[in-house]
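Structure data follow from input.txt (compact mmCIF, C-alpha atoms):
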# COMPACT_ATOMS: atom_id res chain seq x y z
CA MET N 1 102.64 75.88 86.32
CA THR N 2 103.26 74.01 89.57
CA ASP N 3 100.68 71.53 90.94
CA PHE N 4 99.42 72.62 94.36
CA THR N 5 97.68 70.22 96.78
CA LEU N 6 94.37 71.05 98.46
CA MET N 7 96.14 71.36 101.84
CA GLN N 8 98.47 73.97 100.31
CA ILE N 9 95.69 75.96 98.66
CA LEU N 10 93.14 76.05 101.52
CA PRO N 11 95.29 78.06 104.00
CA ILE N 12 96.11 80.55 101.21
CA LEU N 13 92.42 81.00 100.34
CA LEU N 14 91.43 81.42 104.00
CA GLY N 15 94.18 84.00 104.46
CA VAL N 16 93.03 85.85 101.34
CA VAL N 17 89.46 86.06 102.68
CA VAL N 18 90.59 87.47 106.04
CA THR N 19 92.95 89.92 104.30
CA SER N 20 90.17 91.08 101.97
CA ILE N 21 87.84 91.80 104.88
CA ILE N 22 90.53 93.84 106.67
CA ALA N 23 91.42 95.69 103.46
CA GLY N 24 87.77 96.52 102.79
CA ILE N 25 87.21 97.87 106.30
CA LEU N 26 90.39 99.97 106.24
CA ALA N 27 89.55 101.30 102.77
CA GLY N 28 86.21 102.59 104.04
CA LEU N 29 87.62 103.69 107.39
CA LEU N 30 90.60 105.66 106.12
CA GLY N 31 89.86 106.30 102.46
CA VAL N 32 93.03 104.47 101.42
CA GLY N 33 93.16 102.07 98.51
CA GLY N 34 92.95 98.41 99.41
CA GLY N 35 96.24 97.69 97.63
CA ILE N 36 98.37 99.29 100.33
CA VAL N 37 96.94 96.66 102.71
CA LEU N 38 96.40 93.75 100.32
CA VAL N 39 99.92 93.57 98.90
CA PRO N 40 101.90 93.17 102.15
CA MET N 41 99.32 90.89 103.75
CA LEU N 42 99.07 88.65 100.67
CA PHE N 43 102.86 88.52 100.57
CA TRP N 44 103.13 87.44 104.22
CA ILE N 45 100.40 84.82 103.75
CA LEU N 46 102.21 83.33 100.76
CA SER N 47 105.51 83.48 102.64
CA LEU N 48 104.07 81.23 105.37
CA THR N 49 103.26 78.51 102.81
CA ASP N 50 105.30 76.52 100.32
CA PHE N 51 104.61 79.12 97.64
CA PRO N 52 107.71 79.86 95.50
CA PRO N 53 109.35 82.87 97.25
CA GLU N 54 110.59 84.36 93.99
CA LEU N 55 106.96 84.71 92.82
CA ALA N 56 105.18 85.73 96.02
CA MET N 57 105.71 89.49 95.68
CA HIS N 58 104.96 89.61 91.94
CA MET N 59 101.74 87.62 92.39
CA SER N 60 100.65 89.80 95.34
CA VAL N 61 101.20 93.04 93.42
CA ALA N 62 99.56 91.85 90.20
CA THR N 63 96.54 90.29 91.93
CA SER N 64 95.98 93.47 93.93
CA LEU N 65 95.99 95.50 90.70
CA MET N 66 93.44 93.16 89.14
CA THR N 67 90.98 93.90 91.95
CA ILE N 68 91.60 97.65 91.62
CA VAL N 69 90.37 97.52 88.01
CA PHE N 70 86.86 96.88 89.34
CA THR N 71 86.84 98.66 92.71
CA SER N 72 88.20 101.88 91.21
CA VAL N 73 85.22 102.13 88.83
CA SER N 74 82.76 102.04 91.74
CA SER N 75 84.79 104.53 93.74
CA ALA N 76 85.28 106.93 90.81
CA ARG N 77 81.56 106.90 89.98
CA ALA N 78 80.67 107.72 93.57
CA HIS N 79 83.08 110.67 93.62
CA HIS N 80 81.91 111.84 90.19
CA ARG N 81 78.31 111.99 91.42
CA ARG N 82 79.51 114.29 94.20
CA GLY N 83 81.30 116.50 91.68
CA SER N 84 84.76 115.85 93.12
CA VAL N 85 86.44 114.42 90.00
CA ASP N 86 88.43 117.12 88.20
CA THR N 87 88.11 116.14 84.53
CA ALA N 88 90.68 118.74 83.43
CA LEU N 89 93.25 117.28 85.84
CA LEU N 90 92.27 113.78 84.74
CA LYS N 91 93.03 114.68 81.12
CA LEU N 92 96.26 116.44 82.11
CA TRP N 93 97.68 113.57 84.17
CA GLY N 94 95.93 110.67 82.42
CA PRO N 95 98.41 109.98 79.58
CA GLY N 96 101.44 110.04 81.90
CA ILE N 97 99.75 107.77 84.44
CA VAL N 98 98.74 105.23 81.77
CA LEU N 99 102.24 105.13 80.25
CA GLY N 100 103.85 104.91 83.69
CA ALA N 101 101.55 102.10 84.84
CA LEU N 102 102.20 100.08 81.69
CA SER N 103 105.93 100.66 82.07
CA GLY N 104 105.80 99.46 85.68
CA GLY N 105 103.98 96.27 84.72
CA LEU N 106 106.47 95.51 81.95
CA LEU N 107 109.48 96.42 84.12
CA ALA N 108 108.35 93.92 86.77
CA LYS N 109 109.75 91.14 84.59
CA TYR N 110 113.25 92.53 85.15
CA ILE N 111 112.90 93.32 88.86
CA ASP N 112 113.37 90.43 91.27
CA ALA N 113 111.29 89.83 94.39
CA ASP N 114 113.73 91.68 96.64
CA GLY N 115 113.62 94.70 94.36
CA LEU N 116 109.81 94.88 94.56
CA LYS N 117 109.98 94.54 98.36
CA LEU N 118 112.41 97.45 98.58
CA ILE N 119 110.25 99.63 96.32
CA PHE N 120 107.10 98.86 98.29
CA GLY N 121 108.78 99.17 101.68
CA GLY N 122 110.56 102.43 100.90
CA ILE N 123 107.52 104.23 99.51
CA ALA N 124 105.14 102.77 102.11
CA LEU N 125 107.44 104.12 104.84
CA LEU N 126 107.20 107.62 103.34
CA VAL N 127 103.41 107.29 103.14
CA ALA N 128 103.30 106.21 106.80
CA ILE N 129 105.37 109.23 107.87
CA ASN N 130 103.10 111.52 105.86
CA MET N 131 99.96 110.01 107.42
CA ALA N 132 101.41 110.40 110.92
CA ASN N 133 102.10 114.08 110.27
CA PRO N 134 99.09 116.10 111.53
CA ARG N 135 99.82 118.92 109.08
CA THR N 136 99.42 118.81 105.31
CA ILE N 137 102.76 119.42 103.60
CA VAL N 138 102.48 122.23 101.03
CA LEU N 139 105.38 122.71 98.61
CA SER N 140 103.76 124.85 95.92
CA LYS N 141 100.80 127.17 95.45
CA SER N 142 99.76 125.27 92.32
CA LEU N 143 100.59 122.40 89.98
CA PRO N 144 103.31 122.97 87.35
CA SER N 145 101.99 125.14 84.54
CA GLY N 146 103.46 123.13 81.65
CA ARG N 147 102.57 119.71 80.28
CA VAL N 148 106.14 118.45 80.63
CA GLY N 149 106.28 118.92 84.40
CA ASN N 150 102.86 117.38 84.87
CA GLY N 151 103.78 114.55 82.50
CA ILE N 152 106.89 113.68 84.53
CA ILE N 153 105.01 113.73 87.85
CA SER N 154 102.11 111.64 86.54
CA TYR N 155 104.47 109.14 84.86
CA VAL N 156 106.32 108.61 88.16
CA VAL N 157 103.02 108.18 90.03
CA GLY N 158 101.82 105.62 87.46
CA THR N 159 105.09 103.67 87.43
CA PHE N 160 105.53 103.31 91.18
CA SER N 161 101.82 102.71 91.84
CA SER N 162 102.00 99.85 89.33
CA LEU N 163 105.13 98.35 90.91
CA MET N 164 103.53 98.59 94.37
CA GLY N 165 100.15 97.17 93.33
CA ILE N 166 98.20 100.20 94.58
CA GLY N 167 95.61 102.59 93.17
CA GLY N 168 96.00 106.27 92.55
CA GLY N 169 95.25 107.73 95.97
CA THR N 170 98.24 106.62 98.02
CA LEU N 171 100.77 108.59 95.98
CA SER N 172 98.74 111.14 94.02
CA VAL N 173 96.71 112.60 96.91
CA PRO N 174 99.79 113.66 98.96
CA ILE N 175 101.44 115.06 95.81
CA LEU N 176 98.32 116.97 94.73
CA SER N 177 97.81 118.26 98.28
CA ALA N 178 101.43 119.42 98.37
CA CYS N 179 100.62 121.44 95.24
CA SER N 180 97.64 123.07 96.97
CA VAL N 181 94.93 121.04 95.20
CA GLU N 182 91.82 121.01 97.41
CA ILE N 183 91.64 117.66 99.28
CA LYS N 184 88.17 116.55 98.10
CA ARG N 185 89.14 117.25 94.49
CA ALA N 186 92.44 115.40 94.98
CA VAL N 187 90.76 112.33 96.51
CA GLY N 188 87.97 112.21 93.93
CA THR N 189 90.31 112.55 90.96
CA ALA N 190 92.71 110.00 92.47
CA ALA N 191 89.85 107.48 92.53
CA ALA N 192 89.63 107.84 88.75
CA PHE N 193 93.42 107.57 88.49
CA GLY N 194 93.08 104.11 90.06
CA PHE N 195 91.41 102.74 86.93
CA LEU N 196 93.98 104.39 84.64
CA ILE N 197 96.74 102.76 86.70
CA ALA N 198 95.21 99.31 87.13
CA VAL N 199 94.24 98.47 83.54
CA PRO N 200 97.61 99.07 81.81
CA ALA N 201 99.49 97.73 84.85
CA VAL N 202 97.50 94.49 84.69
CA ILE N 203 98.31 94.17 80.99
CA GLY N 204 101.98 94.67 81.79
CA PHE N 205 101.97 92.06 84.59
CA VAL N 206 100.16 89.55 82.35
CA ILE N 207 102.85 89.98 79.68
CA SER N 208 105.68 89.93 82.24
CA GLY N 209 104.45 86.75 83.90
CA TRP N 210 103.43 84.88 80.78
CA GLY N 211 105.01 81.41 80.79
CA VAL N 212 106.91 81.95 84.05
CA PRO N 213 107.21 78.54 85.79
CA GLY N 214 105.98 77.88 89.33
CA ARG N 215 102.73 79.81 89.15
CA PRO N 216 99.59 78.27 90.72
CA PRO N 217 96.68 76.98 88.60
CA PHE N 218 94.43 79.51 86.84
CA SER N 219 97.07 82.21 86.78
CA LEU N 220 97.03 84.85 84.05
CA GLY N 221 100.62 86.00 83.90
CA PHE N 222 101.43 87.02 87.47
CA ILE N 223 97.72 87.36 88.37
CA SER N 224 95.97 84.71 90.45
CA LEU N 225 92.42 84.77 89.09
CA PRO N 226 90.90 82.71 91.95
CA ALA N 227 92.46 85.04 94.53
CA ALA N 228 91.19 88.13 92.68
CA LEU N 229 87.68 86.69 92.49
CA LEU N 230 87.80 85.90 96.21
CA ILE N 231 89.04 89.35 97.18
CA LEU N 232 86.51 91.47 95.30
CA PRO N 233 83.25 90.51 97.08
CA PHE N 234 84.78 90.96 100.53
CA THR N 235 86.50 94.29 99.88
CA VAL N 236 83.36 95.71 98.28
CA SER N 237 81.06 94.36 101.02
CA PHE N 238 83.15 95.49 103.98
CA ALA N 239 84.13 98.96 102.74
CA PRO N 240 80.73 100.38 103.88
CA VAL N 241 81.38 98.86 107.34
CA GLY N 242 84.61 100.83 107.52
CA ALA N 243 82.87 103.98 106.31
CA SER N 244 80.26 103.56 109.05
CA LEU N 245 82.96 103.13 111.70
CA ALA N 246 84.69 106.26 110.43
CA HIS N 247 81.72 108.35 111.61
CA ARG N 248 81.87 106.87 115.11
CA LEU N 249 85.60 106.79 115.78
CA ASP N 250 88.20 109.56 116.11
CA GLY N 251 89.77 109.81 112.64
CA LYS N 252 92.96 111.39 113.98
CA TRP N 253 93.84 108.37 116.10
CA ILE N 254 92.73 105.91 113.42
CA LYS N 255 95.16 107.50 110.96
CA ARG N 256 97.94 107.42 113.49
CA ALA N 257 97.28 103.75 114.26
CA PHE N 258 97.28 102.91 110.56
CA ALA N 259 100.46 104.92 110.05
CA LEU N 260 102.06 102.81 112.79
CA PHE N 261 100.83 99.58 111.16
CA LEU N 262 102.03 100.72 107.75
CA GLY N 263 105.39 101.85 109.14
CA ILE N 264 105.99 98.46 110.79
CA THR N 265 104.89 96.69 107.60
CA ALA N 266 107.20 98.87 105.50
CA ILE N 267 110.19 98.20 107.75
CA ARG N 268 109.52 94.45 107.66
CA MET N 269 109.25 94.60 103.87
CA LEU N 270 112.51 96.52 103.64
CA SER N 271 114.20 94.01 105.94
CA ALA N 272 112.91 91.14 103.80
CA GLY N 273 114.23 92.82 100.67
CA LEU N 274 117.68 93.32 102.17
CA THR N 275 118.14 89.78 103.50

Go ahead and render the structure in this file as structure tokens.
Amino acid sequence: MTDFTLMQILPILLGVVVTSIIAGILAGLLGVGGGIVLVPMLFWILSLTDFPPELAMHMSVATSLMTIVFTSVSSARAHHRRGSVDTALLKLWGPGIVLGALSGGLLAKYIDADGLKLIFGGIALLVAINMANPRTIVLSKSLPSGRVGNGIISYVVGTFSSLMGIGGGTLSVPILSACSVEIKRAVGTAAAFGFLIAVPAVIGFVISGWGVPGRPPFSLGFISLPAALLILPFTVSFAPVGASLAHRLDGKWIKRAFALFLGITAIRMLSAGLT
């Protein structure tokens, strides 16, 4: 591991705190997982410091996933109390999501920083376009009837969610909605998917980053434990603030504004991956 001075660490920690507050507010405001905000903002913060550029994206993704392990439990319990977690769907998609998430974490060892930027940027751009679309895209009247089709879809969701450092909602909710799954059921079940993604993905990123040189102190594989511990209290504390704002503000324009932010972020990430 590389020795970092106090003057190098302090700006990173301050940036992490500010990012966590923003991520928490947006999570409550829009119902999106914090990872879709945390990963790009953590990456840009690290890019402005002397942090090794070849590690910045891996550390951002893995640290985001570590926080999702805990936040997803709280979210899933809240949705379960409201009866919006579909246990049958959870059992149907669960194995594929777990295998995909573990695969993504292990594959990260063989994907360089530019590759992760391109994956995040490309998918985030599609998510931004979907959020900006006022109409829900419907491709099918139902989910595939067989286990094979559902297994393939859930494996892809798990793999790319892991590589992007995000929970289950960003990818699974649009897919489930496109297959005519009722939105509350899709969102509630996706909250539970977040835990099934985060745990095996974290294991994969720990294994992938084990012994990699240049990591900051108190890293577990590609995970920065101090950053994860800093993020959690702020995201959890400020999510209710965002939820409160959601009842006062026009959700349509909030989603469009976030879609614009995410689109710009995705394009910048794609540009960074191509240069």

Spatial neighbours of Ala88 in chain N, 10 Å, all atoms listed in the file, chain gap at least 5 places, as a PDB file with C-alpha atoms, keeping the file's coordinate frame:
ATOM      1  CA  TRP N  93      97.680 113.570  84.170  1.00  0.00           C
ATOM      2  CA  GLY N  94      95.930 110.670  82.420  1.00  0.00           C
ATOM      3  CA  THR N 189      90.310 112.550  90.960  1.00  0.00           C
TER       4      THR N 189
END

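Distances to Phe51 in chain N were evaluated for N:Ala101, N:Pro144, N:Arg215, N:Ala239 using all atoms listed in the file, and the minimum falls at N:Arg215.
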
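Here the residues that fall within 8 Å of (106.1, 109.7, 86.3), using all atoms listed in the file, are given as N:Gly96, N:Ile97, N:Gly100, N:Gly151, N:Ile152, N:Ile153, N:Ser154, N:Tyr155, N:Val156, N:Val157, N:Gly158, N:Thr159.
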
With distances taken over all atoms listed in the file, which of N:Arg268, N:Ile197, N:Ala27, N:Ser244 is nearest to Ser75 in chain N?
->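 Ranked by minimum distance to Ser75 in chain N, first place goes to N:Ala27.
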
Taking into account all atoms listed in the file, which residue in the set N:Met41, N:Met57, N:Val138, N:Leu99 is nearest to Ala113 in chain N?
->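 Closest candidate: N:Met57.
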
Which one is closest to Leu102 in chain N: N:Leu249, N:Ala272, N:Ala198, N:Ile254? Count all atoms listed in the file.
->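 Using all atoms listed in the file, the shortest distance to Leu102 in chain N belongs to N:Ala198.
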
Excluding Ala227 in chain N and any residue of its chain fewer than 2 positions from it, enumerate the residues within 12 Å of it, using all atoms listed in the file, and give them as an MDAnalysis selection string.
-> chainID N and resid 9:10 12:20 38 42 46 59:67 216:220 222:225 229:234

Pick out the closest residue to Asp112 in chain N from this set: N:Ile137, N:Leu143, N:Leu48, N:Ala56. Count all atoms listed in the file.
-> N:Ala56

From the set N:Gly165, N:Gly105, N:Gly34, N:Gly188, which residue has the shortest atom-to-atom contact distance to Ala78 in chain N, counting all atoms listed in the file?
->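 Among the listed residues, the smallest separation from Ala78 in chain N belongs to N:Gly188.
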